[in-house]
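Trainee: Sharing a structure, written as structure tokens. Questions coming.
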Amino acid sequence: MGEKISVACGVRFMPKGSLTFTHTIDNLANSNADADSVKLSDWKAGSFAITPEFRFYPKHAGKGFYLAPYFRYRTIGLDLPVDYTDNNGVAQKVSAKGNITSLMGGLMIGSQFNLGSMVTLDWYIIGLQYGSSNIKLDVTTTKTLSADDQADVRSNLQEIKNLSGKFDNINYNVNANGGNIEGKLSAIGFRGFGLNLGFKF
């Protein structure tokens, strides 16, 4: 695309699985027999992201420092079960399943080095991004919630929502079988400190 401009596209896929270090955290929590704890290793998350970008080089495309405006689409799938025992000693489960979908735009500084005639090293130095995330979670419970239980859950959710104006666009619905949470959040993020090896053909 010219002597000083190139394009790149990054794709990331993470199959749904347990979160990092959750087994270790569970083992530490279970070492205390009196501790009430959530089994974090049962929580699952997976993600997909695609990041197209333009790169502007001061001297020559494919070599040296570059400035890269980019766009990122990312979706994260969540499966968050919680087992507990109710006041009557009956085993119950609450499960939250859904997605967080983000659209971000940003600007990154990087540098590309030629390591011989066929190998390149791409260094993502630092980038700043801003955008929005749409959240949708469906919550189900094995215990039928009474009217009082539903009122308590609504009160707790409203207290959380009142903590910050950032939660104004988050809405919730509570019913006898669970409910749902959905809405939109603005988000600021960072990108960088990455190294990629490339091979020329």
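By convention in this document, the chains of the structure tokens carry letters A, B, ... by their order, each chain's residues are numbered from 1, and ligands are numbered from 1 in the order they are shown.
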Could the residues of segment 163-188 of chain A that have an atom at most 7 Å from segment 122-138 of chain A be listed as a Markdown table, each with its closest atom pair and the distance in Å to one decimal, counting only C-alpha atoms and ordered by chain and ascending residue number?

Mentor:
| residue | atom | partner | partner_atom | distance |
| --- | --- | --- | --- | --- |
| A:Gly179 | CA | A:Asp138 | CA | 6.2 |
| A:Asn180 | CA | A:Asp138 | CA | 4.4 |
| A:Ile181 | CA | A:Leu137 | CA | 5.1 |
| A:Glu182 | CA | A:Lys136 | CA | 4.3 |
| A:Gly183 | CA | A:Ile135 | CA | 5.3 |
| A:Lys184 | CA | A:Asn134 | CA | 4.5 |
| A:Leu185 | CA | A:Ser133 | CA | 5.2 |
| A:Ser186 | CA | A:Ser132 | CA | 4.3 |
| A:Ala187 | CA | A:Ser132 | CA | 5.4 |
| A:Ile188 | CA | A:Tyr130 | CA | 4.5 |

Trainee: Tell me, as a list in words, which residues lie within 7 Å of segment 141-154 of chain A, counting only C-alpha atoms; anything in the same chain fewer than 6 positions away does not count.

Mentor: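 Returned residues: Gln92, Lys93, Val94, Ser95, Val174, Asn175, Ala176, Asn177 and Gly178 of chain A.
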
Trainee: Could you take the residues named above and write them with C-alpha atoms, as a short mmCIF file (atom, residue, chain, number, x, y, z; two decimals), in the first residue's frame?

Mentor:
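So part06.cif came out as:
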data_model
loop_
_atom_site.label_atom_id
_atom_site.label_comp_id
_atom_site.auth_asym_id
_atom_site.auth_seq_id
_atom_site.Cartn_x
_atom_site.Cartn_y
_atom_site.Cartn_z
CA GLN A 92 -28.94 -25.74 45.05
CA LYS A 93 -27.28 -24.23 41.99
CA VAL A 94 -27.24 -20.78 40.41
CA SER A 95 -25.84 -20.50 36.89
CA VAL A 174 -35.61 -10.93 38.40
CA ASN A 175 -38.21 -13.70 38.40
CA ALA A 176 -38.96 -16.93 40.23
CA ASN A 177 -36.52 -18.92 38.09
CA GLY A 178 -33.63 -16.42 38.05
#

Trainee: With only C-alpha atoms as the basis for distance, which of A:Val7, A:Leu40, A:Leu163, A:Val82 is at the shortest distance from Pro52 of chain A?

Mentor: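 Ranking A:Val7, A:Leu40, A:Leu163, A:Val82 by distance to Pro52 of chain A, first place goes to A:Val7.
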
Trainee: As a ChimeraX atom specification, please: all residues of segment 2-182 of chain A that backbone DSSP puts in strand (DSSP E or B).

Mentor: /A:5-18,44-56,60,63-85,91-114,119-141,170-175,178-182

Trainee: What would the file look like if the residues just selected were written as a compact mmCIF listing (two decimals), in the first residue's frame with C-alpha atoms?

Mentor:
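Below is the file out_28.txt, written as the result:
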# COMPACT_ATOMS: atom_id res chain seq x y z
CA ILE A 5 1.99 2.11 4.78
CA SER A 6 1.05 -1.52 5.43
CA VAL A 7 -1.94 -3.41 6.81
CA ALA A 8 -2.10 -6.18 9.38
CA CYS A 9 -4.80 -8.29 10.97
CA GLY A 10 -4.62 -10.25 14.19
CA VAL A 11 -6.99 -13.10 15.10
CA ARG A 12 -7.26 -14.62 18.55
CA PHE A 13 -9.32 -17.64 19.59
CA MET A 14 -9.51 -19.18 23.05
CA PRO A 15 -11.74 -22.26 23.44
CA LYS A 16 -14.01 -22.24 26.46
CA GLY A 17 -12.26 -23.65 29.50
CA SER A 18 -11.35 -23.04 33.13
CA LYS A 44 -15.63 -21.36 32.09
CA ALA A 45 -14.71 -18.62 29.65
CA GLY A 46 -13.85 -18.52 25.96
CA SER A 47 -13.13 -15.68 23.57
CA PHE A 48 -12.69 -14.65 19.96
CA ALA A 49 -11.15 -11.40 18.74
CA ILE A 50 -10.14 -9.90 15.41
CA THR A 51 -8.01 -6.76 15.10
CA PRO A 52 -7.40 -5.16 11.69
CA GLU A 53 -4.98 -2.23 11.61
CA PHE A 54 -3.13 0.22 9.37
CA ARG A 55 0.55 0.83 10.01
CA PHE A 56 2.35 4.07 9.18
CA HIS A 60 9.85 2.36 5.00
CA LYS A 63 10.97 -1.84 9.07
CA GLY A 64 11.43 0.32 12.16
CA PHE A 65 8.92 2.13 14.34
CA TYR A 66 5.30 2.47 13.27
CA LEU A 67 2.06 4.08 14.39
CA ALA A 68 -1.00 1.82 14.04
CA PRO A 69 -4.64 2.92 14.32
CA TYR A 70 -6.75 -0.21 14.78
CA PHE A 71 -10.24 -1.58 15.35
CA ARG A 72 -11.00 -4.57 17.56
CA TYR A 73 -14.05 -6.81 17.78
CA ARG A 74 -14.07 -9.22 20.71
CA THR A 75 -16.63 -11.54 22.22
CA ILE A 76 -16.26 -13.44 25.49
CA GLY A 77 -18.52 -16.36 26.38
CA LEU A 78 -19.10 -17.02 30.08
CA ASP A 79 -20.49 -19.97 32.04
CA LEU A 80 -20.47 -19.26 35.79
CA PRO A 81 -22.13 -21.94 37.96
CA VAL A 82 -22.32 -21.66 41.74
CA ASP A 83 -23.32 -24.57 44.00
CA TYR A 84 -24.58 -23.81 47.48
CA THR A 85 -26.70 -25.20 50.31
CA ALA A 91 -28.16 -28.45 47.61
CA GLN A 92 -28.94 -25.74 45.05
CA LYS A 93 -27.28 -24.23 41.99
CA VAL A 94 -27.24 -20.78 40.41
CA SER A 95 -25.84 -20.50 36.89
CA ALA A 96 -25.06 -17.39 34.85
CA LYS A 97 -24.44 -17.84 31.12
CA GLY A 98 -23.95 -15.20 28.47
CA ASN A 99 -21.62 -13.03 26.44
CA ILE A 100 -19.69 -9.78 26.60
CA THR A 101 -19.21 -8.26 23.15
CA SER A 102 -16.84 -5.32 22.70
CA LEU A 103 -16.15 -2.88 19.87
CA MET A 104 -12.95 -0.90 20.40
CA GLY A 105 -10.83 1.58 18.48
CA GLY A 106 -7.29 2.49 19.39
CA LEU A 107 -3.80 3.65 18.51
CA MET A 108 -0.63 1.63 19.07
CA ILE A 109 3.10 2.23 18.77
CA GLY A 110 5.25 -0.68 17.64
CA SER A 111 8.48 -1.59 15.93
CA GLN A 112 9.41 -4.19 13.34
CA PHE A 113 12.87 -5.69 12.86
CA ASN A 114 14.29 -7.82 10.06
CA VAL A 119 12.39 -13.64 9.45
CA THR A 120 10.92 -10.53 11.07
CA LEU A 121 10.30 -9.62 14.71
CA ASP A 122 7.23 -7.49 15.44
CA TRP A 123 7.18 -5.71 18.81
CA TYR A 124 3.88 -4.34 20.12
CA ILE A 125 5.14 -1.61 22.45
CA ILE A 126 2.04 0.10 23.84
CA GLY A 127 -1.43 1.10 22.69
CA LEU A 128 -4.54 2.74 24.13
CA GLN A 129 -8.08 1.80 23.12
CA TYR A 130 -11.59 3.02 23.88
CA GLY A 131 -15.01 1.65 23.05
CA SER A 132 -18.08 -0.03 24.46
CA SER A 133 -19.05 -3.48 25.69
CA ASN A 134 -22.50 -5.06 25.52
CA ILE A 135 -23.28 -7.45 28.35
CA LYS A 136 -25.97 -10.13 28.35
CA LEU A 137 -26.21 -12.74 31.11
CA ASP A 138 -29.07 -15.19 31.70
CA VAL A 139 -29.30 -16.42 35.28
CA THR A 140 -31.13 -19.61 36.28
CA THR A 141 -31.59 -21.20 39.68
CA ILE A 170 -27.14 -1.85 32.94
CA ASN A 171 -30.64 -3.28 33.44
CA TYR A 172 -31.78 -6.37 35.29
CA ASN A 173 -34.86 -8.54 35.54
CA VAL A 174 -35.61 -10.93 38.40
CA ASN A 175 -38.21 -13.70 38.40
CA GLY A 178 -33.63 -16.42 38.05
CA GLY A 179 -33.53 -13.50 35.64
CA ASN A 180 -31.15 -11.67 33.35
CA ILE A 181 -28.69 -8.80 33.30
CA GLU A 182 -27.93 -6.80 30.17

Trainee: Give me, please, the distance in Å between atom CA of Lys4 of chain A and atom CA of Pro58 of chain A, quoted to one decimal.

Mentor: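 Between atom CA of Lys4 of chain A and atom CA of Pro58 of chain A the gap is 6.6 Å.
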
Trainee: What gap, in Å, lies between atom CA of Ala61 of chain A and atom CA of Lys200 of chain A?

Mentor: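 Separation between atom CA of Ala61 of chain A and atom CA of Lys200 of chain A: 14.1 Å.
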